[in-house]
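> Next comes the structure file entry_16.pdb, holding PDB, C-alpha atoms and all ligand atoms.
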ATOM      1  CA  MET L 188      81.296-160.221  89.643  1.00  0.00           C
ATOM      2  CA  SER L 189      79.569-162.746  91.801  1.00  0.00           C
ATOM      3  CA  TRP L 190      75.953-163.619  92.336  1.00  0.00           C
ATOM      4  CA  SER L 191      76.341-163.684  96.108  1.00  0.00           C
ATOM      5  CA  HIS L 192      75.924-159.916  96.492  1.00  0.00           C
ATOM      6  CA  CYS L 193      73.805-158.279  93.846  1.00  0.00           C
ATOM      7  CA  GLY L 194      72.966-154.895  95.298  1.00  0.00           C
ATOM      8  CA  LYS L 195      69.521-154.035  96.547  1.00  0.00           C
ATOM      9  CA  ASP L 196      65.982-154.514  95.391  1.00  0.00           C
ATOM     10  CA  LYS L 197      63.329-151.788  95.158  1.00  0.00           C
ATOM     11  CA  GLN L 198      62.597-152.129  98.842  1.00  0.00           C
ATOM     12  CA  GLY L 199      66.230-151.579  99.726  1.00  0.00           C
ATOM     13  CA  ARG L 200      66.827-155.175 100.735  1.00  0.00           C
ATOM     14  CA  LEU L 201      70.170-156.754 100.024  1.00  0.00           C
ATOM     15  CA  ILE L 202      69.951-159.329  97.266  1.00  0.00           C
ATOM     16  CA  GLY L 203      72.159-162.187  96.166  1.00  0.00           C
ATOM     17  CA  TYR L 204      72.406-165.740  97.425  1.00  0.00           C
ATOM     18  CA  ALA L 205      74.558-164.725 100.377  1.00  0.00           C
ATOM     19  CA  HIS L 206      71.555-162.977 101.906  1.00  0.00           C
ATOM     20  CA  GLU L 207      69.138-165.052 103.906  1.00  0.00           C
ATOM     21  CA  ALA L 208      65.517-164.112 103.632  1.00  0.00           C
ATOM     22  CA  ILE L 209      61.980-165.244 104.178  1.00  0.00           C
ATOM     23  CA  CYS L 210      59.638-166.042 101.311  1.00  0.00           C
ATOM     24  CA  ASP L 211      57.860-162.879 100.175  1.00  0.00           C
ATOM     25  CA  HIS L 212      54.521-164.630  99.964  1.00  0.00           C
ATOM     26  CA  GLU L 213      52.331-163.360 102.752  1.00  0.00           C
ATOM     27  CA  ASP L 214      51.841-165.898 105.533  1.00  0.00           C
ATOM     28  CA  CYS L 215      54.802-167.932 104.366  1.00  0.00           C
ATOM     29  CA  ASN L 216      57.750-168.251 106.721  1.00  0.00           C
ATOM     30  CA  LYS L 217      60.008-170.485 104.691  1.00  0.00           C
ATOM     31  CA  SER L 218      63.611-169.438 104.794  1.00  0.00           C
ATOM     32  CA  ILE L 219      65.205-168.845 101.455  1.00  0.00           C
ATOM     33  CA  ASP L 220      67.984-166.663 100.192  1.00  0.00           C
ATOM     34  CA  ARG L 221      67.783-163.850  97.688  1.00  0.00           C
ATOM     35  CA  GLY L 222      69.650-165.742  95.033  1.00  0.00           C
ATOM     36  CA  LEU L 223      68.512-166.370  91.490  1.00  0.00           C
ATOM     37  CA  SER L 224      66.947-169.710  92.336  1.00  0.00           C
ATOM     38  CA  TYR L 225      64.370-167.945  94.497  1.00  0.00           C
ATOM     39  CA  ALA L 226      63.960-164.835  92.367  1.00  0.00           C
ATOM     40  CA  CYS L 227      60.635-164.372  90.637  1.00  0.00           C
ATOM     41  CA  GLY L 228      61.300-164.871  86.940  1.00  0.00           C
ATOM     42  CA  GLY L 229      64.716-166.335  87.689  1.00  0.00           C
ATOM     43  CA  MET L 230      66.482-162.971  87.552  1.00  0.00           C
ATOM     44  CA  HIS L 231      67.033-160.100  89.947  1.00  0.00           C
ATOM     45  CA  GLY L 232      64.979-157.000  89.454  1.00  0.00           C
ATOM     46  CA  GLU L 233      61.684-156.367  87.841  1.00  0.00           C
ATOM     47  CA  ASP L 234      61.094-157.064  84.180  1.00  0.00           C
ATOM     48  CA  GLU L 235      58.175-157.417  81.837  1.00  0.00           C
ATOM     49  CA  HIS L 236      57.396-160.892  83.142  1.00  0.00           C
ATOM     50  CA  SER L 237      58.291-160.840  86.791  1.00  0.00           C
ATOM     51  CA  CYS L 238      58.635-158.737  89.915  1.00  0.00           C
ATOM     52  CA  ASP L 239      61.706-158.272  92.071  1.00  0.00           C
ATOM     53  CA  LYS L 240      60.562-160.446  94.929  1.00  0.00           C
ATOM     54  CA  TYR L 241      61.890-163.742  96.264  1.00  0.00           C
ATOM     55  CA  PHE L 242      59.849-166.820  97.026  1.00  0.00           C
ATOM     56  CA  CYS L 243      60.239-170.367  98.212  1.00  0.00           C
ATOM     57  CA  SER L 244      59.741-172.998  95.521  1.00  0.00           C
ATOM     58  CA  GLU L 245      56.202-173.572  96.677  1.00  0.00           C
ATOM     59  CA  HIS L 246      55.293-169.962  95.968  1.00  0.00           C
ATOM     60  CA  LEU L 247      57.260-169.608  92.789  1.00  0.00           C
ATOM     61  CA  GLU L 248      54.686-171.952  91.497  1.00  0.00           C
ATOM     62  CA  TRP L 249      53.696-170.672  88.087  1.00  0.00           C
ATOM     63  CA  THR L 250      55.506-171.588  84.915  1.00  0.00           C
ATOM     64  CA  LEU L 251      55.780-169.100  82.098  1.00  0.00           C
ATOM     65  CA  ASP L 252      56.602-170.629  78.737  1.00  0.00           C
ATOM     66  CA  LEU L 253      58.254-168.066  76.473  1.00  0.00           C
ATOM     67  CA  GLY L 254      58.962-170.578  73.736  1.00  0.00           C
ATOM     68  CA  ASP L 255      62.726-170.591  74.087  1.00  0.00           C
ATOM     69  CA  GLU L 256      62.824-170.422  77.868  1.00  0.00           C
ATOM     70  CA  TYR L 257      60.804-171.162  80.940  1.00  0.00           C
ATOM     71  CA  LYS L 258      60.501-168.858  83.920  1.00  0.00           C
ATOM     72  CA  ASN L 259      59.036-169.487  87.326  1.00  0.00           C
ATOM     73  CA  VAL L 260      56.906-166.635  88.532  1.00  0.00           C
ATOM     74  CA  CYS L 261      54.856-165.865  91.614  1.00  0.00           C
ATOM     75  CA  GLN L 262      51.100-165.694  91.962  1.00  0.00           C
ATOM     76  CA  ASP L 263      50.974-161.899  91.597  1.00  0.00           C
ATOM     77  CA  CYS L 264      52.918-162.044  88.354  1.00  0.00           C
ATOM     78  CA  MET L 265      50.733-164.854  87.040  1.00  0.00           C
ATOM     79  CA  VAL L 266      47.696-162.663  87.705  1.00  0.00           C
ATOM     80  CA  SER L 267      49.172-159.564  86.113  1.00  0.00           C
ATOM     81  CA  LEU L 268      50.437-161.496  83.083  1.00  0.00           C
ATOM     82  CA  THR L 269      47.138-163.223  82.454  1.00  0.00           C
ATOM     83  CA  THR L 270      45.115-160.055  82.943  1.00  0.00           C
ATOM     84  CA  SER L 271      47.352-158.028  80.645  1.00  0.00           C
ATOM     85  CA  GLY L 272      45.761-159.588  77.574  1.00  0.00           C
ATOM     86  CA  ASP L 273      49.136-160.716  76.279  1.00  0.00           C
ATOM     87  CA  TYR L 274      49.341-163.997  78.177  1.00  0.00           C
ATOM     88  CA  ALA L 275      46.925-166.758  78.979  1.00  0.00           C
ATOM     89  CA  LEU L 276      46.982-169.590  81.467  1.00  0.00           C
ATOM     90  CA  ASN L 277      46.607-172.924  79.739  1.00  0.00           C
ATOM     91  CA  VAL L 278      44.276-174.869  81.994  1.00  0.00           C
ATOM     92  CA  GLU L 279      45.448-178.235  80.695  1.00  0.00           C
ATOM     93  CA  ASP L 280      48.996-178.007  82.018  1.00  0.00           C
ATOM     94  CA  TRP L 281      48.741-174.783  84.089  1.00  0.00           C
ATOM     95  CA  VAL L 282      51.456-173.106  82.081  1.00  0.00           C
ATOM     96  CA  ILE L 283      51.300-169.418  81.119  1.00  0.00           C
ATOM     97  CA  ARG L 284      51.932-168.762  77.450  1.00  0.00           C
ATOM     98  CA  PRO L 285      51.922-165.607  75.334  1.00  0.00           C
ATOM     99  CA  ILE L 286      48.801-165.084  73.293  1.00  0.00           C
ATOM    100  CA  ASN L 287      49.635-165.047  69.630  1.00  0.00           C
ATOM    101  CA  HIS L 288      47.792-162.079  68.195  1.00  0.00           C
ATOM    102  CA  ASN L 289      48.703-163.067  64.648  1.00  0.00           C
ATOM    103  CA  THR L 290      46.955-166.376  64.467  1.00  0.00           C
ATOM    104  CA  GLN L 291      44.506-165.383  61.754  1.00  0.00           C
ATOM    105  CA  ASP L 292      45.290-166.998  58.457  1.00  0.00           C
ATOM    106  CA  GLU L 293      46.188-163.845  56.641  1.00  0.00           C
ATOM    107  CA  PRO L 294      47.943-164.403  53.369  1.00  0.00           C
ATOM    108  CA  PHE L 295      51.411-163.003  53.197  1.00  0.00           C
ATOM    109  CA  ASP L 296      51.337-159.478  51.859  1.00  0.00           C
ATOM    110  CA  PHE L 297      53.216-159.354  48.579  1.00  0.00           C
ATOM    111  CA  SER L 298      52.075-155.802  47.740  1.00  0.00           C
ATOM    112  CA  ASN L 299      55.318-154.383  49.071  1.00  0.00           C
ATOM    113  CA  ASP L 300      57.127-155.772  46.087  1.00  0.00           C
ATOM    114  CA  ASP L 301      59.942-153.291  45.630  1.00  0.00           C
ATOM    115  CA  GLU L 302      61.716-153.442  42.362  1.00  0.00           C
ATOM    116  CA  ASP L 303      65.095-154.993  42.692  1.00  0.00           C
ATOM    117  CA  PRO L 304      67.439-152.002  42.532  1.00  0.00           C
ATOM    118  CA  TRP L 305      69.956-154.077  40.644  1.00  0.00           C
ATOM    119  CA  PHE L 306      67.497-155.275  38.078  1.00  0.00           C
ATOM    120  CA  GLY L 307      68.146-153.729  34.679  1.00  0.00           C
ATOM    121  CA  ASP L 308      71.512-152.489  35.793  1.00  0.00           C
ATOM    122  CA  ASP L 309      74.509-153.359  33.762  1.00  0.00           C
ATOM    123  CA  MET L 310      75.995-155.539  36.482  1.00  0.00           C
ATOM    124  CA  MET L 311      76.101-158.640  34.358  1.00  0.00           C
ATOM    125  CA  GLY L 312      77.681-156.917  31.432  1.00  0.00           C
ATOM    126  CA  ALA L 313      74.651-157.817  29.356  1.00  0.00           C
ATOM    127  CA  SER L 314      74.774-154.536  27.450  1.00  0.00           C
ATOM    128  CA  GLY L 315      77.786-155.842  25.484  1.00  0.00           C
TER     129      GLY L 315
HETATM  130 ZN    ZN S   1      56.549-162.041  90.845  1.00  0.00          ZN
HETATM  131 ZN    ZN S   2      56.669-169.408 100.352  1.00  0.00          ZN
END
With the file now loaded, output its structure as structure tokens.

Amino acid sequence: MSWSHCGKDKQGRLIGYAHEAICDHEDCNKSIDRGLSYACGGMHGEDEHSCDKYFCSEHLEWTLDLGDEYKNVCQDCMVSLTTSGDYALNVEDWVIRPINHNTQDEPFDFSNDDEDPWFGDDMMGASG
């Protein structure tokens, strides 16, 4: 398996770094290839963070910080992420980060305190 030929995208275009292309940003004529380094989100295909388009580095301009990894995404994906309500653009460093919906200081819920099934059993031979 090689990354030079990776099948086709949704528009039926050949993808993989062996395939020369033009940046998918409208009005941009930069030549790129459809390899991973130009793929929105850094991976072929569409996923929850990125589309299946290919852009020059100038148009893969937005950084998405997922905590354990960074992805470069295009303008359209930045807009759809930040309007989804799950991500916000941090205006200090222009990085997109997930919105933590659990930031309220709720105390940990101890009510689900199941009895230890082993407790009271004769496992320790205490019945002696
Ligand atoms: Zn995109
Ligand atoms: Zn471009």
> Using only C-alpha atoms, which of L:Leu268, L:Cys261, L:Cys215, L:Leu223 sits nearest His236 in chain L?
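Of L:Leu268, L:Cys261, L:Cys215, L:Leu223, the one nearest His236 in chain L is L:Leu268, counting only C-alpha atoms.
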> When the cut-off is 12 Å and you count only C-alpha atoms and all ligand atoms, which residues lie near ligand ZN 2 (chain S), shown as a PyMOL selection string?
chain L and resi 208-220+225-227+240-248+261-262
> Would you mind listing what lies within 12 Å of range 230-235 of chain L as a ChimeraX atom specification, with all atoms listed in the file counted and same-chain residues fewer than 3 positions away left out?
/L:190-204,221-227,238-241,251,253,257-260,264-265,267-268,271,273-274
> Please compute the CA of Ser237 in chain L-atom ZN of ligand ZN 1 (chain S) distance, one decimal, in Å.
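Separation between CA of Ser237 in chain L and atom ZN of ligand ZN 1 (chain S): 4.6 Å.
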> Figure out the distance between CA of Thr269 in chain L and CA of Thr250 in chain L, please, to one decimal in Å.
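Pair CA of Thr250 in chain L / CA of Thr269 in chain L returns 12.1 Å.
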> Using the atoms already present, construct N, CA and C atoms for range 264-275 of chain L and hand them back as a PDB file, in the coordinates of the input.

ATOM      1  N   CYS L 264      52.495-162.211  89.738  1.00  0.00           N
ATOM      2  CA  CYS L 264      52.918-162.044  88.354  1.00  0.00           C
ATOM      3  C   CYS L 264      52.049-162.866  87.419  1.00  0.00           C
ATOM      4  N   MET L 265      51.644-164.058  87.851  1.00  0.00           N
ATOM      5  CA  MET L 265      50.733-164.854  87.040  1.00  0.00           C
ATOM      6  C   MET L 265      49.455-164.062  86.786  1.00  0.00           C
ATOM      7  N   VAL L 266      48.939-163.431  87.847  1.00  0.00           N
ATOM      8  CA  VAL L 266      47.696-162.663  87.705  1.00  0.00           C
ATOM      9  C   VAL L 266      47.911-161.476  86.777  1.00  0.00           C
ATOM     10  N   SER L 267      49.005-160.747  86.964  1.00  0.00           N
ATOM     11  CA  SER L 267      49.172-159.564  86.113  1.00  0.00           C
ATOM     12  C   SER L 267      49.483-159.948  84.667  1.00  0.00           C
ATOM     13  N   LEU L 268      50.184-161.063  84.465  1.00  0.00           N
ATOM     14  CA  LEU L 268      50.437-161.496  83.083  1.00  0.00           C
ATOM     15  C   LEU L 268      49.141-161.903  82.395  1.00  0.00           C
ATOM     16  N   THR L 269      48.334-162.698  83.102  1.00  0.00           N
ATOM     17  CA  THR L 269      47.138-163.223  82.454  1.00  0.00           C
ATOM     18  C   THR L 269      46.024-162.198  82.351  1.00  0.00           C
ATOM     19  N   THR L 270      46.114-161.100  83.103  1.00  0.00           N
ATOM     20  CA  THR L 270      45.115-160.055  82.943  1.00  0.00           C
ATOM     21  C   THR L 270      45.588-158.959  81.993  1.00  0.00           C
ATOM     22  N   SER L 271      46.833-159.057  81.537  1.00  0.00           N
ATOM     23  CA  SER L 271      47.352-158.028  80.645  1.00  0.00           C
ATOM     24  C   SER L 271      46.802-158.171  79.237  1.00  0.00           C
ATOM     25  N   GLY L 272      46.242-159.353  78.929  1.00  0.00           N
ATOM     26  CA  GLY L 272      45.761-159.588  77.574  1.00  0.00           C
ATOM     27  C   GLY L 272      46.825-160.144  76.655  1.00  0.00           C
ATOM     28  N   ASP L 273      48.054-160.195  77.108  1.00  0.00           N
ATOM     29  CA  ASP L 273      49.136-160.716  76.279  1.00  0.00           C
ATOM     30  C   ASP L 273      49.488-162.163  76.603  1.00  0.00           C
ATOM     31  N   TYR L 274      49.018-162.636  77.749  1.00  0.00           N
ATOM     32  CA  TYR L 274      49.341-163.997  78.177  1.00  0.00           C
ATOM     33  C   TYR L 274      48.070-164.683  78.644  1.00  0.00           C
ATOM     34  N   ALA L 275      48.066-165.995  78.497  1.00  0.00           N
ATOM     35  CA  ALA L 275      46.925-166.758  78.979  1.00  0.00           C
ATOM     36  C   ALA L 275      47.427-167.975  79.727  1.00  0.00           C
TER      37      ALA L 275
END
